[in-house]
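Trainee: Just so it is clear, I am handing over model.cif, which has mmCIF, C-alpha atoms.
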```cif
data_protein
#
loop_
_atom_site.label_atom_id
_atom_site.label_comp_id
_atom_site.auth_asym_id
_atom_site.auth_seq_id
_atom_site.Cartn_x
_atom_site.Cartn_y
_atom_site.Cartn_z
CA MET Z 611 29.23 2.45 44.04
CA LEU Z 612 31.22 0.32 41.57
CA ARG Z 613 29.45 1.99 38.65
CA PHE Z 614 30.30 5.44 40.06
CA ALA Z 615 33.96 4.47 40.49
CA PHE Z 616 34.08 3.19 36.91
CA PHE Z 617 32.50 6.43 35.67
CA ILE Z 618 35.13 8.50 37.52
CA ARG Z 619 37.93 6.45 35.96
CA VAL Z 620 36.49 6.89 32.47
CA ILE Z 621 36.09 10.64 32.95
CA SER Z 622 39.64 10.91 34.28
CA ILE Z 623 40.98 9.16 31.18
CA GLU Z 624 38.83 11.37 28.96
CA ILE Z 625 40.24 14.52 30.61
CA LEU Z 626 43.82 13.26 30.21
CA LEU Z 627 43.21 12.60 26.51
CA HIS Z 628 41.88 16.16 26.10
CA VAL Z 629 45.07 17.40 27.79
CA TYR Z 630 47.11 15.32 25.35
CA ILE Z 631 45.33 16.85 22.34
CA GLY Z 632 45.82 20.36 23.74
CA TRP Z 633 49.49 19.75 24.50
CA ARG Z 634 50.23 18.42 21.03
CA ILE Z 635 48.12 20.80 18.94
CA ILE Z 636 47.59 24.19 20.58
CA PRO Z 637 51.26 25.29 21.05
CA ALA Z 638 51.96 24.39 17.40
CA LEU Z 639 49.12 26.49 15.97
CA PRO Z 640 50.43 29.44 13.91
CA ILE Z 641 47.95 31.87 15.44
CA GLY Z 642 48.07 34.57 18.08
CA SER Z 643 47.95 33.95 21.80
CA PRO Z 644 44.27 35.01 22.25
CA PHE Z 645 43.14 32.41 19.69
CA LYS Z 646 45.22 29.74 21.40
CA TRP Z 647 43.49 30.55 24.66
CA LEU Z 648 40.17 30.27 22.86
CA ALA Z 649 41.18 26.86 21.51
CA ALA Z 650 42.14 25.77 25.03
CA PHE Z 651 38.78 26.98 26.35
CA LEU Z 652 36.87 25.04 23.67
CA LEU Z 653 38.86 21.90 24.45
CA ALA Z 654 38.11 22.31 28.17
CA ALA Z 655 34.43 22.83 27.36
CA SER Z 656 34.48 19.56 25.39
CA ALA Z 657 35.96 17.72 28.38
CA LEU Z 658 33.07 19.02 30.50
CA LEU Z 659 30.23 18.59 28.00
CA ILE Z 660 30.96 14.96 27.11
CA PRO Z 661 30.22 13.64 30.63
CA LEU Z 662 27.10 15.83 30.74
CA GLY Z 663 25.95 14.33 27.46
CA ILE Z 664 26.47 10.80 28.74
CA THR Z 665 24.54 11.43 31.97
CA ALA Z 666 21.83 13.69 30.49
CA ARG Z 667 19.27 10.88 30.51
CA TYR Z 668 19.16 11.13 34.31
CA ILE Z 669 17.97 14.74 34.06
CA ARG Z 670 14.18 14.66 34.00
CA GLN Z 671 13.63 18.23 32.86
CA GLN Z 672 12.96 18.52 29.14
CA PRO Z 673 14.11 19.88 26.75
CA LEU Z 674 17.24 20.43 28.86
CA SER Z 675 18.02 16.70 29.03
CA ASP Z 676 17.89 16.16 25.27
CA LEU Z 677 19.76 19.40 24.57
CA LEU Z 678 22.64 18.39 26.83
CA ALA Z 679 22.67 14.93 25.26
CA TRP Z 680 22.83 16.39 21.75
CA VAL Z 681 25.66 18.79 22.56
CA GLY Z 682 27.64 16.31 24.65
CA LEU Z 683 27.34 13.46 22.15
CA LEU Z 684 28.29 15.72 19.23
CA MET Z 685 31.35 16.80 21.18
CA MET Z 686 32.17 13.14 21.82
CA GLY Z 687 32.18 12.49 18.09
CA LEU Z 688 34.36 15.53 17.40
CA PHE Z 689 36.70 14.54 20.23
CA SER Z 690 37.05 11.04 18.78
CA SER Z 691 38.19 12.46 15.44
CA LEU Z 692 40.51 14.95 17.14
CA LEU Z 693 42.11 12.20 19.19
CA VAL Z 694 42.63 9.81 16.29
CA LEU Z 695 44.00 12.53 14.01
CA THR Z 696 46.32 13.82 16.74
CA VAL Z 697 47.76 10.35 17.22
CA VAL Z 698 48.14 9.89 13.46
CA ARG Z 699 49.85 13.30 13.22
CA ASP Z 700 52.31 12.39 15.97
CA ILE Z 701 53.16 9.09 14.30
CA LEU Z 702 53.76 10.81 10.95
CA LEU Z 703 55.89 13.53 12.58
CA ILE Z 704 58.01 10.92 14.33
CA LEU Z 705 58.56 9.13 11.03
CA LEU Z 706 59.45 12.43 9.37
CA TYR Z 707 61.93 13.23 12.15
CA ILE Z 708 63.59 9.85 11.59
CA VAL Z 709 63.79 10.31 7.81
CA ASN Z 710 65.22 13.81 8.19
CA ALA Z 711 67.77 12.64 10.75
CA LEU Z 712 68.94 9.88 8.42
CA GLN Z 713 69.32 12.43 5.63
CA GLY Z 714 71.11 14.92 7.85
CA VAL Z 715 68.31 17.49 7.67
CA THR Z 716 67.89 19.70 10.74
CA ALA Z 717 64.68 19.61 12.76
CA ALA Z 718 64.20 23.36 12.20
CA THR Z 719 63.13 22.67 8.62
CA MET Z 720 60.00 20.95 9.95
CA ALA Z 721 58.53 24.10 11.51
CA ASP Z 722 56.12 24.75 8.65
CA THR Z 723 55.02 21.12 8.54
CA ILE Z 724 54.37 21.10 12.29
CA ALA Z 725 52.31 24.30 12.09
CA LEU Z 726 50.28 23.26 9.05
CA SER Z 727 49.55 19.80 10.47
CA ALA Z 728 48.40 21.42 13.74
CA ILE Z 729 45.84 23.42 11.74
CA GLY Z 730 44.90 20.38 9.67
CA VAL Z 731 43.91 18.25 12.65
CA PRO Z 732 40.96 20.37 13.92
CA VAL Z 733 39.87 21.34 10.40
CA LEU Z 734 39.79 17.73 9.20
CA ALA Z 735 38.16 16.60 12.47
CA LEU Z 736 35.37 19.14 11.99
CA LEU Z 737 34.81 18.09 8.36
CA LEU Z 738 34.69 14.41 9.31
CA THR Z 739 32.22 15.21 12.10
CA LEU Z 740 29.91 17.09 9.73
CA LEU Z 741 30.07 14.24 7.20
CA GLY Z 742 29.39 11.72 9.97
CA ILE Z 743 26.34 13.68 11.16
CA TYR Z 744 24.92 13.70 7.64
CA ASN Z 745 25.47 9.94 7.26
CA ALA Z 746 23.87 9.18 10.62
CA ARG Z 747 20.86 11.45 10.37
CA ARG Z 748 19.80 10.72 6.78
CA ASN Z 749 17.10 8.16 6.07
CA ALA Z 750 18.61 4.69 6.35
CA PRO Z 751 19.01 3.32 2.78
CA VAL Z 752 17.63 -0.08 1.79
CA LYS Z 753 20.26 -2.77 1.32
CA MET Z 754 19.16 -5.79 -0.73
CA ILE Z 755 20.67 -9.21 -0.04
CA ASP Z 756 19.94 -12.55 -1.71
CA VAL Z 757 20.54 -15.54 0.58
CA PRO Z 758 21.00 -18.86 -1.26
CA ILE Z 759 19.32 -21.68 0.66
CA ALA Z 760 19.94 -25.35 -0.16
CA GLY Z 761 16.76 -27.40 -0.54
CA LEU Z 762 14.51 -24.34 -0.29
CA ALA Z 763 10.83 -25.13 -0.85
CA ALA Z 764 9.52 -23.69 -4.11
CA ALA Z 765 6.93 -21.57 -2.31
CA LEU Z 766 9.69 -19.94 -0.23
CA ASN Z 767 11.79 -18.99 -3.24
CA GLY Z 768 11.62 -15.19 -3.21
CA PHE Z 769 10.38 -14.99 0.40
CA THR Z 770 11.33 -11.54 1.71
CA ILE Z 771 12.43 -10.53 5.17
CA VAL Z 772 13.03 -6.92 6.15
CA GLN Z 773 15.45 -6.56 9.05
CA ILE Z 774 15.78 -3.46 11.19
CA SER Z 775 18.13 -3.36 14.13
CA ASP Z 776 19.83 -1.04 16.60
CA ILE Z 777 17.58 1.96 16.13
CA HIS Z 778 18.43 3.26 19.62
CA VAL Z 779 15.42 5.52 20.08
CA GLY Z 780 16.55 7.92 22.79
CA PRO Z 781 17.86 11.45 23.35
CA THR Z 782 18.75 12.13 19.70
CA ILE Z 783 16.49 9.68 17.85
CA LYS Z 784 12.84 10.58 18.16
CA ARG Z 785 9.43 9.87 16.67
CA GLY Z 786 10.11 11.54 13.30
CA TYR Z 787 13.16 9.36 12.70
CA VAL Z 788 11.14 6.25 13.60
CA GLU Z 789 8.25 7.24 11.31
CA LYS Z 790 10.62 7.40 8.33
CA ILE Z 791 11.90 3.90 9.09
CA VAL Z 792 8.35 2.54 9.32
CA ALA Z 793 7.34 4.18 6.04
CA THR Z 794 10.35 2.71 4.24
CA VAL Z 795 9.82 -0.78 5.66
CA ASN Z 796 6.11 -0.86 4.83
CA GLY Z 797 6.87 0.38 1.33
CA LEU Z 798 8.91 -2.79 0.74
CA ASN Z 799 5.83 -4.95 1.37
CA PRO Z 800 7.82 -7.75 3.06
CA ASP Z 801 6.61 -11.22 3.93
CA LEU Z 802 8.12 -10.89 7.41
CA ILE Z 803 9.76 -8.18 9.51
CA ALA Z 804 12.65 -9.02 11.86
CA VAL Z 805 13.60 -6.55 14.60
CA THR Z 806 16.89 -7.73 16.06
CA GLY Z 807 17.18 -5.73 19.26
CA ASP Z 808 18.50 -2.47 20.69
CA VAL Z 809 15.41 -0.56 19.64
CA VAL Z 810 15.59 1.78 22.64
CA ASP Z 811 17.91 3.71 24.93
CA GLY Z 812 15.56 4.66 27.72
CA THR Z 813 12.55 3.54 29.71
CA VAL Z 814 8.99 2.99 28.50
CA PRO Z 815 7.62 6.18 30.13
CA GLN Z 816 10.43 8.21 28.52
CA LEU Z 817 10.11 6.81 24.99
CA GLU Z 818 6.59 5.41 24.64
CA ALA Z 819 5.47 8.24 22.36
CA ASP Z 820 8.57 7.98 20.18
CA THR Z 821 8.34 4.20 19.67
CA ARG Z 822 4.58 4.23 19.01
CA PRO Z 823 4.95 4.40 15.19
CA LEU Z 824 6.58 0.93 15.30
CA GLY Z 825 3.09 -0.43 15.90
CA GLU Z 826 2.30 0.48 12.29
CA LEU Z 827 4.89 -1.93 10.85
CA SER Z 828 3.10 -4.28 8.48
CA ALA Z 829 4.09 -7.60 6.90
CA ARG Z 830 2.20 -10.66 5.70
CA HIS Z 831 3.44 -12.83 8.57
CA GLY Z 832 3.94 -10.06 11.11
CA THR Z 833 6.78 -8.43 13.00
CA PHE Z 834 9.13 -10.56 15.13
CA PHE Z 835 11.35 -9.12 17.84
CA VAL Z 836 14.25 -10.25 20.04
CA THR Z 837 15.87 -8.34 22.86
CA GLY Z 838 19.23 -6.61 22.59
CA ASN Z 839 21.56 -5.63 25.41
CA HIS Z 840 20.19 -2.08 25.55
CA GLU Z 841 16.67 -3.33 26.27
CA TYR Z 842 18.10 -4.81 29.47
CA TYR Z 843 19.74 -1.53 30.45
CA ALA Z 844 16.35 0.18 30.06
CA GLY Z 845 14.08 -2.40 31.74
CA ALA Z 846 13.58 -5.36 29.41
CA ASP Z 847 10.45 -6.75 31.08
CA ASN Z 848 8.58 -3.48 30.62
CA TRP Z 849 9.73 -3.14 27.03
CA ILE Z 850 8.69 -6.70 26.21
CA VAL Z 851 5.20 -5.86 27.41
CA GLU Z 852 5.20 -2.64 25.39
CA PHE Z 853 6.43 -4.27 22.19
CA ARG Z 854 3.77 -6.95 22.49
CA ARG Z 855 1.21 -4.18 22.92
CA LEU Z 856 2.52 -2.67 19.66
CA GLY Z 857 1.86 -5.99 17.93
CA PHE Z 858 5.37 -7.48 17.90
CA LYS Z 859 5.76 -11.25 18.27
CA VAL Z 860 8.46 -11.34 20.94
CA LEU Z 861 10.53 -14.52 20.79
CA MET Z 862 12.22 -15.49 24.07
CA ASN Z 863 14.26 -18.63 23.29
CA GLU Z 864 11.28 -19.99 21.38
CA HIS Z 865 9.98 -20.49 17.87
CA VAL Z 866 6.85 -20.39 15.76
CA VAL Z 867 6.02 -22.17 12.50
CA VAL Z 868 4.95 -19.99 9.59
CA ASN Z 869 2.88 -21.37 6.70
CA HIS Z 870 3.67 -19.56 3.46
CA ASP Z 871 1.58 -20.78 0.54
CA GLY Z 872 1.77 -24.35 1.83
CA ALA Z 873 5.49 -24.29 2.64
CA HIS Z 874 6.59 -24.09 6.26
CA ALA Z 875 9.41 -22.16 7.91
CA ILE Z 876 10.62 -22.06 11.49
CA ILE Z 877 11.03 -18.54 12.88
CA ALA Z 878 12.93 -18.59 16.17
CA GLY Z 879 14.47 -16.00 18.44
CA VAL Z 880 16.77 -15.82 21.44
CA THR Z 881 17.32 -13.25 24.12
CA ASP Z 882 20.50 -11.18 24.02
CA TYR Z 883 23.77 -13.11 24.30
CA ASN Z 884 24.54 -11.49 27.70
CA ALA Z 885 20.98 -11.31 29.04
CA GLY Z 886 21.62 -14.07 31.58
CA HIS Z 887 24.08 -11.83 33.44
CA ILE Z 888 21.24 -9.41 34.14
CA ASP Z 889 18.34 -11.86 34.48
CA PRO Z 890 19.21 -15.58 34.73
CA SER Z 891 15.71 -16.48 33.53
CA HIS Z 892 16.55 -14.75 30.23
CA THR Z 893 19.73 -16.70 29.50
CA SER Z 894 20.16 -16.94 25.72
CA ASP Z 895 19.73 -20.49 24.39
CA PRO Z 896 19.47 -21.26 20.63
CA ALA Z 897 19.03 -24.99 21.35
CA LYS Z 898 16.04 -24.23 23.57
CA ALA Z 899 14.59 -22.04 20.82
CA MET Z 900 14.54 -25.12 18.56
CA HIS Z 901 13.01 -27.45 21.16
CA GLY Z 902 9.95 -29.22 19.79
CA ALA Z 903 10.38 -27.85 16.26
CA PRO Z 904 9.26 -30.19 13.44
CA SER Z 905 12.32 -31.98 12.07
CA ASP Z 906 10.97 -32.05 8.51
CA ILE Z 907 11.01 -28.24 8.12
CA LEU Z 908 14.29 -27.41 6.41
CA PHE Z 909 14.36 -23.61 6.57
CA ARG Z 910 15.05 -22.44 10.10
CA LEU Z 911 15.54 -18.75 10.81
CA LEU Z 912 17.06 -17.48 14.07
CA LEU Z 913 16.88 -13.87 15.25
CA ALA Z 914 19.78 -13.19 17.64
CA HIS Z 915 20.95 -9.70 18.54
CA GLN Z 916 24.66 -10.51 18.72
CA PRO Z 917 26.58 -12.41 16.03
CA ARG Z 918 28.28 -14.34 18.84
CA SER Z 919 25.19 -16.56 19.00
CA ALA Z 920 26.21 -18.09 15.66
CA ALA Z 921 28.29 -20.97 17.06
CA ALA Z 922 25.40 -22.25 19.18
CA ALA Z 923 22.92 -21.55 16.37
CA SER Z 924 24.96 -23.68 13.97
CA LYS Z 925 25.00 -26.56 16.43
CA ALA Z 926 21.23 -26.22 16.91
CA GLY Z 927 20.66 -26.69 13.18
CA PHE Z 928 19.56 -23.25 12.04
CA THR Z 929 19.78 -22.25 8.38
CA LEU Z 930 20.04 -18.46 8.68
CA GLN Z 931 20.78 -16.13 11.59
CA LEU Z 932 19.97 -12.41 11.52
CA SER Z 933 21.93 -10.22 13.94
CA GLY Z 934 22.92 -6.62 14.61
CA HIS Z 935 24.71 -5.13 17.61
CA THR Z 936 27.99 -4.21 15.88
CA HIS Z 937 26.78 -1.11 13.98
CA GLY Z 938 29.50 -2.12 11.51
CA GLY Z 939 31.83 -0.22 13.86
CA GLN Z 940 29.76 2.97 13.31
CA PHE Z 941 32.78 5.14 12.65
CA TRP Z 942 36.43 4.66 11.86
CA PRO Z 943 38.70 3.41 13.40
CA TRP Z 944 36.56 1.77 16.09
CA ASN Z 945 35.25 -0.74 13.53
CA PHE Z 946 38.54 -2.61 13.93
CA LEU Z 947 37.88 -3.09 17.66
CA VAL Z 948 34.53 -4.77 16.99
CA ARG Z 949 36.39 -7.70 15.42
CA LEU Z 950 37.99 -8.42 18.80
CA GLN Z 951 34.56 -9.19 20.31
CA GLN Z 952 32.34 -10.44 17.49
CA PRO Z 953 32.96 -13.12 14.84
CA PHE Z 954 31.21 -11.01 12.18
CA VAL Z 955 31.06 -7.22 11.84
CA HIS Z 956 28.66 -6.72 8.93
CA GLY Z 957 27.28 -8.40 5.85
CA LEU Z 958 26.59 -11.99 4.86
CA ALA Z 959 28.92 -14.73 6.05
CA LYS Z 960 28.82 -18.46 6.61
CA LEU Z 961 29.66 -20.62 9.62
CA ASN Z 962 29.53 -24.31 8.75
CA ASP Z 963 26.04 -24.75 7.24
CA LEU Z 964 24.69 -21.57 8.84
CA TRP Z 965 24.32 -18.30 6.95
CA VAL Z 966 24.78 -15.26 9.21
CA TYR Z 967 23.72 -11.77 8.21
CA THR Z 968 24.93 -8.94 10.45
CA SER Z 969 23.23 -5.59 9.99
CA ARG Z 970 25.13 -2.33 10.45
CA GLY Z 971 22.03 -1.06 12.23
CA THR Z 972 19.17 1.24 11.30
CA GLY Z 973 20.03 4.02 13.75
CA TYR Z 974 23.17 4.74 15.75
CA TRP Z 975 24.35 4.78 19.34
CA GLY Z 976 26.03 7.61 21.21
CA PRO Z 977 27.46 10.27 18.90
CA PRO Z 978 25.10 10.94 15.96
CA ILE Z 979 27.92 10.06 13.59
CA ARG Z 980 28.56 7.34 11.00
CA LEU Z 981 31.74 7.12 8.97
CA ALA Z 982 32.50 4.25 6.58
CA ALA Z 983 29.68 2.28 8.22
CA PRO Z 984 26.34 3.38 6.74
CA SER Z 985 23.05 2.57 8.43
CA GLU Z 986 20.69 0.22 6.67
CA ILE Z 987 17.22 -1.23 6.35
CA THR Z 988 17.94 -4.71 5.03
CA LEU Z 989 15.74 -6.50 2.52
CA LEU Z 990 16.75 -10.18 2.49
CA ARG Z 991 15.36 -12.45 -0.18
CA LEU Z 992 15.55 -16.23 0.07
CA VAL Z 993 16.59 -17.86 -3.18
CA ALA Z 994 17.03 -21.52 -4.01
CA GLU Z 995 20.66 -22.53 -4.10
CA PRO Z 996 21.53 -23.86 -7.55
CA THR Z 997 21.85 -27.64 -7.62
CA ALA Z 998 25.31 -28.82 -8.62
CA VAL Z 999 25.35 -30.63 -11.96
CA GLU Z 1000 27.69 -33.61 -12.28
CA SER Z 1001 29.89 -33.63 -15.38
#
```
Show me this structure written as structure tokens.

Mentor:
Amino acid sequence: MLRFAFFIRVISIEILLHVYIGWRIIPALPIGSPFKWLAAFLLAASALLIPLGITARYIRQQPLSDLLAWVGLLMMGLFSSLLVLTVVRDILLILLYIVNALQGVTAATMADTIALSAIGVPVLALLLTLLGIYNARRNAPVKMIDVPIAGLAAALNGFTIVQISDIHVGPTIKRGYVEKIVATVNGLNPDLIAVTGDVVDGTVPQLEADTRPLGELSARHGTFFVTGNHEYYAGADNWIVEFRRLGFKVLMNEHVVVNHDGAHAIIAGVTDYNAGHIDPSHTSDPAKAMHGAPSDILFRLLLAHQPRSAAAASKAGFTLQLSGHTHGGQFWPWNFLVRLQQPFVHGLAKLNDLWVYTSRGTGYWGPPIRLAAPSEITLLRLVAEPTAVES
């Protein structure tokens, strides 16, 4: 009941925002009345299709479910750009009104600017949406990162880890998309593969065929997996069983020791930062993941879906944490909001003695759009940190 009430509130806000866009843009369009009515109809259709896209997963009939998801989520992306550009337009018009008033210029002189900007908003929104679709749907490029590690064993110098994260296999990401990821990862011939959560957006029966290619991932020391928040929305226990069947080494607040040419490394993983709210037995605990680990092994890797695990990981003595979850914001301007929740948005950063790498994600969530936040398959290479030379 609470979830339904929340959904109704969200939809009500979404409808009001569509009304705002229509109120600010349609009357100002320098086109005939029939075209304005058409614009109003398309905006009303968007307000209807977005909720259908969000709830399409509950429709069992295929391909209707996926079709509604595709259309609704594309409209969500277009609506986002329309909303942001409408707000930006209003701010600029207000500033222009103020400047003109200070200069004694009448408001009537702004008629052309108002009309042209009203056309510019939907045109630019459509162009941004098309660019975002291309960025989201293309093969995720490989991003190479060197991580300097103090006291790194000689045998681990050059050790490679391929990280994939936030694929979100679901209504718009299917088997073909996954197969391309697997082919790219295997082509890098990594020493270890790290899958840092949010692989799926649906249940095992719905997505089993689409996730099956992940079983072909190949690395010298295997594929390690930790849960993300979306695994819990889709039935984490069932997915853990399925990923183990595919050959993943699922780490649930635990670690393993890897022997690489005589040098040892600790590979640990924690459940999602918020997992305990859904299943108390899955409460995320980096300290527990280190319990019983040999104290003489200096390189300690933690897989943690959310960057927020970094504070506890630093206290637990980890060397490097690999995370995802943020999508790098996925598309502007929502990347700025991510900073309000997470300590790191993307890239390599340091917290005390802990290196933290946050992936922008290998897929996308919701609208199939990425703007100023490209997807990635990350190839991390451990390198020995240069020893300081005293003068």

Trainee: Counting all atoms listed in the file, which residues of segment 732-751 of chain Z sit at most 12 Å from some atom of segment 762-783 of chain Z, and what is each one's closest atom pair with its distance in Å to one decimal, listed by chain and rising residue number, as CSV?

Mentor:
```
residue,atom,partner,partner_atom,distance
Z:Ile743,CA,Z:Thr782,CA,11.5
Z:Ala746,CA,Z:Ile783,CA,10.3
Z:Arg747,CA,Z:Ile783,CA,8.8
Z:Arg748,CA,Z:Ile783,CA,11.6
Z:Asn749,CA,Z:Ile777,CA,11.8
Z:Ala750,CA,Z:Ile774,CA,9.9
Z:Pro751,CA,Z:Ile774,CA,11.3
```

Trainee: For the structure provided, state which residues fall under the PyMOL selection byres ((chain Z and resi 752) around 12), and present them as a list in words.

Mentor: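 That expression, the PyMOL selection byres ((chain Z and resi 752) around 12), corresponds here to Asn749, Ala750, Pro751, Lys753, Met754, Ile755, Val772, Gln773, Ile774, Ile791, Ala793, Thr794, Val795, Asn796, Gly797, Leu798, Ser969, Arg970, Gly971, Thr972, Pro984, Ser985, Glu986, Ile987, Thr988, Leu989 and Leu990 of chain Z.
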
Trainee: One decimal, Å: what's the distance from atom CA of Ser894 of chain Z over to atom CA of Val880 of chain Z, could you say?

Mentor: 5.6 Å

Trainee: With a distance cut-off of 12 Å and only C-alpha atoms, select the neighbouring residues of segment 713-730 of chain Z, excluding the residue or stretch itself and same-chain residues fewer than 3 positions from it, and output the selection as a VMD selection string.

Mentor: chain Z and resid 631 to 641 646 649 691 to 692 695 to 710 733 to 738

Trainee: May I ask which of the residues Z:Met900, Z:Leu912, Z:Glu826, Z:Ala804 is the closest one to Lys859 of chain Z, counting all atoms listed in the file?

Mentor: Z:Ala804

Trainee: To verify the selection step, state as a list in words which residues the PyMOL selection byres ((chain Z and resi 847) around 12) yields on this input.

Mentor: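 When the PyMOL selection byres ((chain Z and resi 847) around 12) is applied to the shown file, the picked residues are Thr813, Val814, Thr837, Glu841, Tyr842, Tyr843, Ala844, Gly845, Ala846, Asn848, Trp849, Ile850, Val851, Glu852, Phe853, Arg854, Val860, Met862, Thr881, Ala885, Ile888, Asp889, Ser891 and His892 of chain Z.
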
Trainee: Mind dumping the selected residues with C-alpha atoms as a tab-separated table (two decimals), in the coordinates of the input?

Mentor:
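Done, and the output landed in again_37.tsv:
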```tsv
chain	number	residue	atom	x	y	z
Z	813	THR	CA	12.55	3.54	29.71
Z	814	VAL	CA	8.99	2.99	28.50
Z	837	THR	CA	15.87	-8.34	22.86
Z	841	GLU	CA	16.67	-3.33	26.27
Z	842	TYR	CA	18.10	-4.81	29.47
Z	843	TYR	CA	19.74	-1.53	30.45
Z	844	ALA	CA	16.35	0.18	30.06
Z	845	GLY	CA	14.08	-2.40	31.74
Z	846	ALA	CA	13.58	-5.36	29.41
Z	848	ASN	CA	8.58	-3.48	30.62
Z	849	TRP	CA	9.73	-3.14	27.03
Z	850	ILE	CA	8.69	-6.70	26.21
Z	851	VAL	CA	5.20	-5.86	27.41
Z	852	GLU	CA	5.20	-2.64	25.39
Z	853	PHE	CA	6.43	-4.27	22.19
Z	854	ARG	CA	3.77	-6.95	22.49
Z	860	VAL	CA	8.46	-11.34	20.94
Z	862	MET	CA	12.22	-15.49	24.07
Z	881	THR	CA	17.32	-13.25	24.12
Z	885	ALA	CA	20.98	-11.31	29.04
Z	888	ILE	CA	21.24	-9.41	34.14
Z	889	ASP	CA	18.34	-11.86	34.48
Z	891	SER	CA	15.71	-16.48	33.53
Z	892	HIS	CA	16.55	-14.75	30.23
```

Trainee: Atom CA of Ile623 of chain Z and atom CA of Trp647 of chain Z are how many Å apart?

Mentor: 22.5 Å

Trainee: Quick one: residues within 8 Å of segment 924-941 of chain Z, all atoms listed in the file, excluding same-chain residues fewer than 5 positions away - as an MDAnalysis selection string?

Mentor: chainID Z and resid 742 759 773 775:776 806:808 838 896:897 900 908:917 946:948 952 955:956 961:971 974 979:985

Trainee: Restricting it to C-alpha atoms, dump the selection as a PDB file, in the coordinates of the input.

Mentor:
```pdb
ATOM      1  CA  GLY Z 742      29.390  11.720   9.970  1.00  0.00           C
ATOM      2  CA  ILE Z 759      19.320 -21.680   0.660  1.00  0.00           C
ATOM      3  CA  GLN Z 773      15.450  -6.560   9.050  1.00  0.00           C
ATOM      4  CA  SER Z 775      18.130  -3.360  14.130  1.00  0.00           C
ATOM      5  CA  ASP Z 776      19.830  -1.040  16.600  1.00  0.00           C
ATOM      6  CA  THR Z 806      16.890  -7.730  16.060  1.00  0.00           C
ATOM      7  CA  GLY Z 807      17.180  -5.730  19.260  1.00  0.00           C
ATOM      8  CA  ASP Z 808      18.500  -2.470  20.690  1.00  0.00           C
ATOM      9  CA  GLY Z 838      19.230  -6.610  22.590  1.00  0.00           C
ATOM     10  CA  PRO Z 896      19.470 -21.260  20.630  1.00  0.00           C
ATOM     11  CA  ALA Z 897      19.030 -24.990  21.350  1.00  0.00           C
ATOM     12  CA  MET Z 900      14.540 -25.120  18.560  1.00  0.00           C
ATOM     13  CA  LEU Z 908      14.290 -27.410   6.410  1.00  0.00           C
ATOM     14  CA  PHE Z 909      14.360 -23.610   6.570  1.00  0.00           C
ATOM     15  CA  ARG Z 910      15.050 -22.440  10.100  1.00  0.00           C
ATOM     16  CA  LEU Z 911      15.540 -18.750  10.810  1.00  0.00           C
ATOM     17  CA  LEU Z 912      17.060 -17.480  14.070  1.00  0.00           C
ATOM     18  CA  LEU Z 913      16.880 -13.870  15.250  1.00  0.00           C
ATOM     19  CA  ALA Z 914      19.780 -13.190  17.640  1.00  0.00           C
ATOM     20  CA  HIS Z 915      20.950  -9.700  18.540  1.00  0.00           C
ATOM     21  CA  GLN Z 916      24.660 -10.510  18.720  1.00  0.00           C
ATOM     22  CA  PRO Z 917      26.580 -12.410  16.030  1.00  0.00           C
ATOM     23  CA  PHE Z 946      38.540  -2.610  13.930  1.00  0.00           C
ATOM     24  CA  LEU Z 947      37.880  -3.090  17.660  1.00  0.00           C
ATOM     25  CA  VAL Z 948      34.530  -4.770  16.990  1.00  0.00           C
ATOM     26  CA  GLN Z 952      32.340 -10.440  17.490  1.00  0.00           C
ATOM     27  CA  VAL Z 955      31.060  -7.220  11.840  1.00  0.00           C
ATOM     28  CA  HIS Z 956      28.660  -6.720   8.930  1.00  0.00           C
ATOM     29  CA  LEU Z 961      29.660 -20.620   9.620  1.00  0.00           C
ATOM     30  CA  ASN Z 962      29.530 -24.310   8.750  1.00  0.00           C
ATOM     31  CA  ASP Z 963      26.040 -24.750   7.240  1.00  0.00           C
ATOM     32  CA  LEU Z 964      24.690 -21.570   8.840  1.00  0.00           C
ATOM     33  CA  TRP Z 965      24.320 -18.300   6.950  1.00  0.00           C
ATOM     34  CA  VAL Z 966      24.780 -15.260   9.210  1.00  0.00           C
ATOM     35  CA  TYR Z 967      23.720 -11.770   8.210  1.00  0.00           C
ATOM     36  CA  THR Z 968      24.930  -8.940  10.450  1.00  0.00           C
ATOM     37  CA  SER Z 969      23.230  -5.590   9.990  1.00  0.00           C
ATOM     38  CA  ARG Z 970      25.130  -2.330  10.450  1.00  0.00           C
ATOM     39  CA  GLY Z 971      22.030  -1.060  12.230  1.00  0.00           C
ATOM     40  CA  TYR Z 974      23.170   4.740  15.750  1.00  0.00           C
ATOM     41  CA  ILE Z 979      27.920  10.060  13.590  1.00  0.00           C
ATOM     42  CA  ARG Z 980      28.560   7.340  11.000  1.00  0.00           C
ATOM     43  CA  LEU Z 981      31.740   7.120   8.970  1.00  0.00           C
ATOM     44  CA  ALA Z 982      32.500   4.250   6.580  1.00  0.00           C
ATOM     45  CA  ALA Z 983      29.680   2.280   8.220  1.00  0.00           C
ATOM     46  CA  PRO Z 984      26.340   3.380   6.740  1.00  0.00           C
ATOM     47  CA  SER Z 985      23.050   2.570   8.430  1.00  0.00           C
TER      48      SER Z 985
END
```

Trainee: Show me the residues around (7.8, 2.7, 20.1) - criterion: an atom at most 9 Å away, only C-alpha atoms counted - as a list in words.

Mentor: Val779, Arg785, Val788, Val809, Val810, Val814, Leu817, Glu818, Ala819, Asp820, Thr821, Arg822, Pro823, Leu824, Gly825, Glu852, Phe853 and Leu856 of chain Z

Trainee: Using Å and a single decimal, report how far atom CA of Met686 of chain Z sits from atom CA of Leu674 of chain Z.

Mentor: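 So the answer is 18.0 Å.
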